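Step one of this worksheet: look at the structure below.
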Amino acid sequence: MKPRRPRRALNTDVNVTSLVDVMMVLLIIFILVAPILSQGIDVKLPQASSASAEPDKSLHVTLAKDGQIFLDGKPILLQRVDDEFRSRAKENPDLPVVVEGDEKLDYGNVMDILDRARVAGLTRVSLATEPRQERP
C-alpha cells in the first residue's frame with residue numbers, strides 16, 4: 001500500500017481581485033463617457049446687449065445650423081412640432097417658449113418656429129441670445 005498524501009485544506013476564500021479589476025474598468029469607462037453624454041447641442045447663439053435670464057420652466061426649441069430641430073434637447077421633425085406645441089399649450093397656455101437659433105441660421109427658419117408656436121396658442125415666445133461682449 002502506498003502511503004496517502006495528506007489532504008490540503010480547501011481554500012474557501014473568495015478571490016475578489018478580478019471583480020475589483022472589472023469594477024475599476026467600468027468606473028473608468030463611466031467617468032470618461034459621462035461628460036460626452038451630458039453635452040448639449042452645438043448652437044452658437046447671436047449676441048445682444050439686452051440678453052436676460054431665461055424663465056425656469058420653459059419650453060426650449062433649439063434650431064441647429066444644419067436645420068435640425070430639438071424640443072427640450074430631444075430631436076423632433078418639423079411636421080411634429082405643431083402637434084407638440086398644441087399639446088403643450090393645452091397643458092399650460094402661459095408656458096414660455098425660448099427659441100435658441102444658431103447665428104448662422106436662416107431668419108426664415110426662426111420665424112417659422114415663432115409663428116408655429118403662436119398659432120398653437122403659445123404667446124410668450126422669446127429668442128435666446130448671448131450677452132454682447134464689449135469690444136476693446
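Identifiers in the C-alpha cells: chain A, B, ... in order shown; residue index from 1 per chain; ligand index from 1 in order shown.
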- Identify, on the basis of only C-alpha atoms, every residue whose closest approach to stretch 81-94 of chain A does not exceed 12 Å; exclude the query and any residue fewer than 5 positions from it along the same chain; express the result as a ChimeraX atom specification. /A:55,57-62,68-72,74-76,112-125
Can you write out the residues you just picked, keeping C-alpha atoms, as a short mmCIF file (atom, residue, chain, number, x, y, z; two decimals), in the first residue's frame?
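After the write, result_12.cif holds the following:
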data_model
loop_
_atom_site.label_atom_id
_atom_site.label_comp_id
_atom_site.auth_asym_id
_atom_site.auth_seq_id
_atom_site.Cartn_x
_atom_site.Cartn_y
_atom_site.Cartn_z
CA PRO A 55 -37.51 81.52 -17.13
CA LYS A 57 -39.98 76.43 -16.52
CA SER A 58 -39.98 76.98 -20.24
CA LEU A 59 -40.12 75.04 -23.47
CA HIS A 60 -36.77 75.17 -25.27
CA VAL A 61 -36.77 74.92 -29.04
CA THR A 62 -33.27 74.67 -30.49
CA GLN A 68 -32.20 70.01 -37.08
CA ILE A 69 -34.87 70.95 -34.55
CA PHE A 70 -34.70 69.96 -30.89
CA LEU A 71 -37.52 70.29 -28.38
CA ASP A 72 -36.18 70.34 -24.81
CA LYS A 74 -34.68 65.89 -27.97
CA PRO A 75 -34.69 65.81 -31.79
CA ILE A 76 -38.08 66.33 -33.41
CA ASP A 112 -41.39 79.73 -38.92
CA ILE A 113 -40.94 78.28 -35.41
CA LEU A 114 -42.12 81.53 -33.78
CA ASP A 115 -45.22 81.53 -35.98
CA ARG A 116 -46.00 77.86 -35.27
CA ALA A 117 -45.76 78.49 -31.51
CA ARG A 118 -48.10 81.49 -31.67
CA VAL A 119 -50.64 79.71 -33.87
CA ALA A 120 -50.67 76.79 -31.40
CA GLY A 121 -51.55 79.21 -28.59
CA LEU A 122 -48.12 79.75 -27.02
CA THR A 123 -47.82 83.52 -27.00
CA ARG A 124 -44.94 84.01 -24.56
CA VAL A 125 -42.16 83.42 -27.09
#
- Query: What gap, in Å, lies between atom CA of A:Ala128 and atom CA of A:Asp66?
  - Reply: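 Going from atom CA of A:Ala128 over to atom CA of A:Asp66 covers 18.0 Å.
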- Of the candidates A:Leu127, A:Thr17, A:Arg80, A:Met24, which one gets nearest to A:Met111 if we count only C-alpha atoms?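 Closest residue, counting only C-alpha atoms: A:Leu127.
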- Task: Can you work out the spacing between atom CA of A:Ser126 and atom CA of A:Leu63 in Å, to one decimal?
- Result: 13.5 Å
- Message: Counting only C-alpha atoms, which residue out of A:Ala64, A:Arg7, A:Asp21, A:Thr129 sits closest to A:Val98?
- Response: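 Checking each candidate against A:Val98, we get A:Thr129 as the closest.
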